[in-house]
Structure formats: structure tokens, C-alpha cells
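Structure record follows, encoded as C-alpha cells.
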Amino acid sequence: AEYALLAAGYFAKDLPRWVSNKAKKEWDRYPVGELRGTTMGILGYGDIGHATAHLAKAYGMKVIASRRRPELSKDDPLVDEMVPNSDLRSLFAASDYIVCCLPATAETENIVNEELLATCKPGAVFINVGRGAVVDEDALISALSSGKLRGAALDVFRTEPLPQDSPIWTLENVLLSPHNADLTGSFLHEAAPVEHFA
């Protein structure tokens with residue numbers, strides 16, 4: 001969840017520009033975006049999705065989420081709008097930041113494809129903390145290269161480690177991490193309490 005908000009802020013503030021300006025010793029004041037008032041779409045409203053919504057709300061963001069059974073979250077105060085997984089087009093079209101928390105299943109494989117990415121709001125950012133198999137990487141690369149997507153923050157990939165010949169490495173509008181967003185001191189304890197193994 002923290003990774004998702006870090007990634008959103010990375011693009012909202014244009015963090016690479018700060019880093020570049022520091023390296024050049026250039027005092028370059030420019031307007032920055034803010035997360036407050038923007039919309040975060042969350043694909044897969046399980047534990048990670050719920051935690052992400054909690055942080056997004058703290059930033060003053062609107063939250064649209066999806067799950068297979070949206071009725072289970074009808075009274076969730078963290079969600080402004082809940083849609084079924086069959087209606088992801090509306091989520092993509094309305095979201096400034098799209099956070100994918102989906103597991104890899106037969107139903108979700110390549111669910112984020114060319115057709116769905118084509119419905120993105122102009123300037124949207126795609127953030128994947130779910131599984132790489134849910135994304136058609138060729139379609140994602142195309143959307144990033146064409147400017148359809150402003151950027152992407154990717155912690156998971158179809159093949160890991162990410163092959164060195166993958167074009168993703170060279171895309172300047174990609175924040176890339178080696179599937180370590182969950183390698184925190186408390187993640188395993190929080191994600192899998194001992195009683196779940198009983």
C-alpha cells in the first residue's frame with residue numbers, strides 16, 4: 001500500500017526532475033501536482049487493496065475499487081464507488097492512478113490488455129503490486145511509449161527477474177523495483193497471521 005502512494009507521489013511531483021536538477025545543480029522551480037482531489041482506482045479489493053484505499057483517503061483522494069463480489073463492500077467508508085471486475089473500463093476511464101492488486105488466476109491473466117488500457121484517462125499512471133501475469137506487457141509498453149499512459153510503477157513482472165533485454169528497463173516513464181515492495185519487517189506477519197496456517 002505504501003508503495004502505491006509513493007509511486008503516485010513520484011509522478012505527481014515529477015521526482016526524476018528533482019533528482020536531475022540536483023545532479024545539475026539547477027534551481028528549477030516548477031508547479032507540482034498533488035494527490036488530493038485525484039482519483040485512485042484499485043483493481044482487486046483484498047487486503048492490499050483495502051490498505052491502499054486507507055492511505056489514499058488520508059491523502060484526500062477519491063477511491064474507485066473493483067472486486068468479484070462488489071456487494072461485500074457496499075458499506076465500506078473507504079470506497080466512493082465499487083464496481084465488479086466485469087466493469088473495469090469505467091474504473092480505468094475515471095482514474096488518475098490505477099493500482100493493480102490482482103492475484104494471478106485463469107480469470108485475471110492478461111486482464112490488463114490493449115483494449116482496457118485504451119480506455120485510460122489521458123495522463124493516467126498504472127501501478128502494479130499484484131502479479132505480472134495479469135498484465136499484457138507488450139500492450140503496457142505500447143501505452144507507455146505512445147504517451148497514452150503518463151507512467152507506470154512496476155514491482156512485479158511476468159518473468160522475474162525481468163530479462164535484461166526487456167524494453168521496460170529503458171522506458172524513462174517507468175519506476176521499476178525488483179518485486180520487493182513487500183519485503184518489509186512487518187509484511188509477512190501482517191499478511192499471514194499464524195492462525196491462518198492452523
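Residues are referred to by chain and number: the chain letter is A, B, ... according to the order shown in the C-alpha cells, the number counts from 1 in that chain, and ligands are numbered separately from 1 in the order shown.
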
Q: Extract, using only C-alpha atoms, all DNA, RNA and protein residues at most 12 Å from Leu55 (chain A), discarding same-chain residues fewer than 5 positions from it, and format them as a VMD selection string.
A: chain A and resid 1 to 6 8 35 to 36 40 48 to 50 60 to 63 78 to 79

Q.
Just want the 12 Å neighbourhood of Gly147 (chain A), counted on only C-alpha atoms, with same-chain residues fewer than 5 positions away dropped. Output as an NGL selection string.
A. :A and (117-118 or 120-125 or 140-142 or 152 or 171-174)

Any chance you could export the current selection's C-alpha atoms as a short mmCIF file (atom, residue, chain, number, x, y, z; two decimals), in the first residue's frame?
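Saved as selection_25.cif:
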data_model
loop_
_atom_site.label_atom_id
_atom_site.label_comp_id
_atom_site.auth_asym_id
_atom_site.auth_seq_id
_atom_site.Cartn_x
_atom_site.Cartn_y
_atom_site.Cartn_z
CA LEU A 117 -5.52 0.35 -21.50
CA ALA A 118 -7.14 2.19 -24.42
CA CYS A 120 -7.44 5.04 -19.66
CA LYS A 121 -7.90 8.64 -18.74
CA PRO A 122 -5.24 10.74 -20.51
CA GLY A 123 -2.19 11.08 -18.28
CA ALA A 124 -3.07 8.14 -16.05
CA VAL A 125 -0.41 6.22 -14.13
CA LEU A 140 1.64 -1.81 -21.46
CA ILE A 141 4.93 -0.97 -23.20
CA SER A 142 2.97 0.40 -26.16
CA ALA A 152 3.94 3.17 -14.60
CA LEU A 171 11.44 3.44 -20.55
CA GLU A 172 12.05 6.75 -18.79
CA ASN A 173 8.46 6.94 -17.55
CA VAL A 174 8.70 3.71 -15.55
#

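You can rank A:Ala94, A:Val112, A:Leu162, A:Ile64 by their closest distance to Tyr45 (chain A) using only C-alpha atoms, and at the top of that list sits A:Ile64.
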
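Proximity to Asp155 (chain A) was assessed for A:Leu15, A:Ala51, A:Leu176, A:Leu116 counting only C-alpha atoms; the smallest distance is recorded for A:Leu176.
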
Q) Hey, what does DSSP flag as strand (DSSP E or B) within chain A? Can you give it to me as an MDAnalysis selection string? A) chainID A and resid 39:43 62:67 81:84 97:100 112 124:128 135 149:154 174:176

Requested write-out: N, CA and C atoms of the selected residues, as an mmCIF file, in the first residue's frame:
data_model
loop_
_atom_site.group_PDB
_atom_site.id
_atom_site.type_symbol
_atom_site.label_atom_id
_atom_site.label_comp_id
_atom_site.auth_asym_id
_atom_site.auth_seq_id
_atom_site.Cartn_x
_atom_site.Cartn_y
_atom_site.Cartn_z
ATOM 1 N N THR A 39 -8.181 10.771 -8.397
ATOM 2 C CA THR A 39 -8.894 9.504 -8.214
ATOM 3 C C THR A 39 -7.943 8.325 -8.319
ATOM 4 N N MET A 40 -8.021 7.453 -7.339
ATOM 5 C CA MET A 40 -7.250 6.213 -7.366
ATOM 6 C C MET A 40 -8.197 5.052 -7.624
ATOM 7 N N GLY A 41 -7.931 4.315 -8.690
ATOM 8 C CA GLY A 41 -8.686 3.108 -8.987
ATOM 9 C C GLY A 41 -7.912 1.908 -8.496
ATOM 10 N N ILE A 42 -8.575 1.017 -7.791
ATOM 11 C CA ILE A 42 -7.900 -0.151 -7.212
ATOM 12 C C ILE A 42 -8.508 -1.421 -7.783
ATOM 13 N N LEU A 43 -7.702 -2.152 -8.534
ATOM 14 C CA LEU A 43 -8.137 -3.431 -9.102
ATOM 15 C C LEU A 43 -7.822 -4.523 -8.100
ATOM 16 N N LYS A 62 -10.181 10.388 -4.118
ATOM 17 C CA LYS A 62 -11.392 9.610 -4.348
ATOM 18 C C LYS A 62 -10.961 8.187 -4.674
ATOM 19 N N VAL A 63 -11.699 7.195 -4.205
ATOM 20 C CA VAL A 63 -11.335 5.798 -4.421
ATOM 21 C C VAL A 63 -12.444 5.055 -5.153
ATOM 22 N N ILE A 64 -12.066 4.458 -6.276
ATOM 23 C CA ILE A 64 -12.935 3.533 -7.000
ATOM 24 C C ILE A 64 -12.240 2.179 -6.920
ATOM 25 N N ALA A 65 -12.961 1.153 -6.562
ATOM 26 C CA ALA A 65 -12.337 -0.163 -6.432
ATOM 27 C C ALA A 65 -13.161 -1.212 -7.150
ATOM 28 N N SER A 66 -12.506 -2.333 -7.444
ATOM 29 C CA SER A 66 -13.208 -3.439 -8.097
ATOM 30 C C SER A 66 -12.970 -4.722 -7.317
ATOM 31 N N ARG A 67 -13.960 -5.564 -7.353
ATOM 32 C CA ARG A 67 -13.825 -6.914 -6.804
ATOM 33 C C ARG A 67 -14.877 -7.806 -7.445
ATOM 34 N N GLU A 81 -16.803 4.383 -4.822
ATOM 35 C CA GLU A 81 -17.544 3.630 -5.844
ATOM 36 C C GLU A 81 -16.923 2.243 -5.974
ATOM 37 N N MET A 82 -17.760 1.222 -5.929
ATOM 38 C CA MET A 82 -17.294 -0.153 -6.087
ATOM 39 C C MET A 82 -17.883 -0.718 -7.361
ATOM 40 N N VAL A 83 -17.042 -1.320 -8.204
ATOM 41 C CA VAL A 83 -17.511 -1.887 -9.460
ATOM 42 C C VAL A 83 -17.114 -3.353 -9.525
ATOM 43 N N PRO A 84 -17.869 -4.143 -10.274
ATOM 44 C CA PRO A 84 -17.475 -5.539 -10.453
ATOM 45 C C PRO A 84 -16.279 -5.636 -11.395
ATOM 46 N N TYR A 97 -4.767 7.382 -11.068
ATOM 47 C CA TYR A 97 -3.790 6.373 -10.658
ATOM 48 C C TYR A 97 -4.516 5.040 -10.563
ATOM 49 N N ILE A 98 -4.013 4.055 -11.276
ATOM 50 C CA ILE A 98 -4.640 2.736 -11.302
ATOM 51 C C ILE A 98 -3.703 1.763 -10.609
ATOM 52 N N VAL A 99 -4.153 1.214 -9.484
ATOM 53 C CA VAL A 99 -3.324 0.307 -8.696
ATOM 54 C C VAL A 99 -3.850 -1.109 -8.860
ATOM 55 N N CYS A 100 -3.012 -1.976 -9.406
ATOM 56 C CA CYS A 100 -3.403 -3.365 -9.634
ATOM 57 C C CYS A 100 -2.917 -4.230 -8.481
ATOM 58 N N VAL A 112 -5.357 -6.861 -17.893
ATOM 59 C CA VAL A 112 -4.937 -5.505 -18.266
ATOM 60 C C VAL A 112 -4.291 -5.616 -19.640
ATOM 61 N N ALA A 124 -2.957 9.055 -17.181
ATOM 62 C CA ALA A 124 -3.066 8.136 -16.052
ATOM 63 C C ALA A 124 -1.737 7.434 -15.783
ATOM 64 N N VAL A 125 -1.594 6.975 -14.558
ATOM 65 C CA VAL A 125 -0.414 6.223 -14.129
ATOM 66 C C VAL A 125 -0.877 4.837 -13.693
ATOM 67 N N PHE A 126 -0.182 3.803 -14.170
ATOM 68 C CA PHE A 126 -0.507 2.416 -13.813
ATOM 69 C C PHE A 126 0.514 1.907 -12.802
ATOM 70 N N ILE A 127 0.027 1.335 -11.706
ATOM 71 C CA ILE A 127 0.878 0.838 -10.628
ATOM 72 C C ILE A 127 0.541 -0.625 -10.381
ATOM 73 N N ASN A 128 1.529 -1.507 -10.496
ATOM 74 C CA ASN A 128 1.250 -2.931 -10.309
ATOM 75 C C ASN A 128 2.001 -3.493 -9.114
ATOM 76 N N VAL A 135 -0.974 -8.623 -16.535
ATOM 77 C CA VAL A 135 -0.740 -7.534 -17.488
ATOM 78 C C VAL A 135 -0.153 -8.056 -18.795
ATOM 79 N N LEU A 149 -0.291 6.396 -21.459
ATOM 80 C CA LEU A 149 -0.084 6.424 -20.018
ATOM 81 C C LEU A 149 1.020 7.421 -19.705
ATOM 82 N N ARG A 150 0.830 8.198 -18.665
ATOM 83 C CA ARG A 150 1.894 9.116 -18.245
ATOM 84 C C ARG A 150 3.095 8.326 -17.738
ATOM 85 N N GLY A 151 2.795 7.230 -17.034
ATOM 86 C CA GLY A 151 3.878 6.433 -16.494
ATOM 87 C C GLY A 151 3.363 5.172 -15.842
ATOM 88 N N ALA A 152 4.291 4.391 -15.316
ATOM 89 C CA ALA A 152 3.943 3.171 -14.604
ATOM 90 C C ALA A 152 4.959 2.928 -13.504
ATOM 91 N N ALA A 153 4.487 2.364 -12.412
ATOM 92 C CA ALA A 153 5.352 1.895 -11.334
ATOM 93 C C ALA A 153 5.124 0.399 -11.250
ATOM 94 N N LEU A 154 6.175 -0.365 -11.490
ATOM 95 C CA LEU A 154 6.043 -1.811 -11.616
ATOM 96 C C LEU A 154 6.942 -2.520 -10.616
ATOM 97 N N VAL A 174 8.988 4.881 -16.382
ATOM 98 C CA VAL A 174 8.703 3.713 -15.554
ATOM 99 C C VAL A 174 9.552 3.754 -14.285
ATOM 100 N N LEU A 175 8.888 3.625 -13.145
ATOM 101 C CA LEU A 175 9.549 3.403 -11.865
ATOM 102 C C LEU A 175 9.570 1.891 -11.671
ATOM 103 N N LEU A 176 10.742 1.318 -11.600
ATOM 104 C CA LEU A 176 10.877 -0.138 -11.590
ATOM 105 C C LEU A 176 11.514 -0.582 -10.276
#

**Q.** Distance criterion (only C-alpha atoms): nearest to Pro103 (chain A) out of A:Asp47, A:Glu71, A:Thr119, A:Asp138
**A.** A:Asp47

Q: List every residue of chain A that DSSP, applied to the backbone of this structure, assigns to helix (DSSP H, G or I), and report them as an MDAnalysis selection string.
A: chainID A and resid 2:12 15:24 47:58 70:73 85:94 114:117 132:134 137:146 167:170 187:191 194:197

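Separating CA of Gly130 (chain A) from CA of Trp18 (chain A) is a distance of 28.5 Å.
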
Q.
One decimal, in Å: what's the spacing between CA of Ser166 (chain A) and CA of Arg17 (chain A)?
A. 24.2 Å

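The spacing separating CA of Asn110 (chain A) from CA of Glu137 (chain A) amounts to 8.5 Å.
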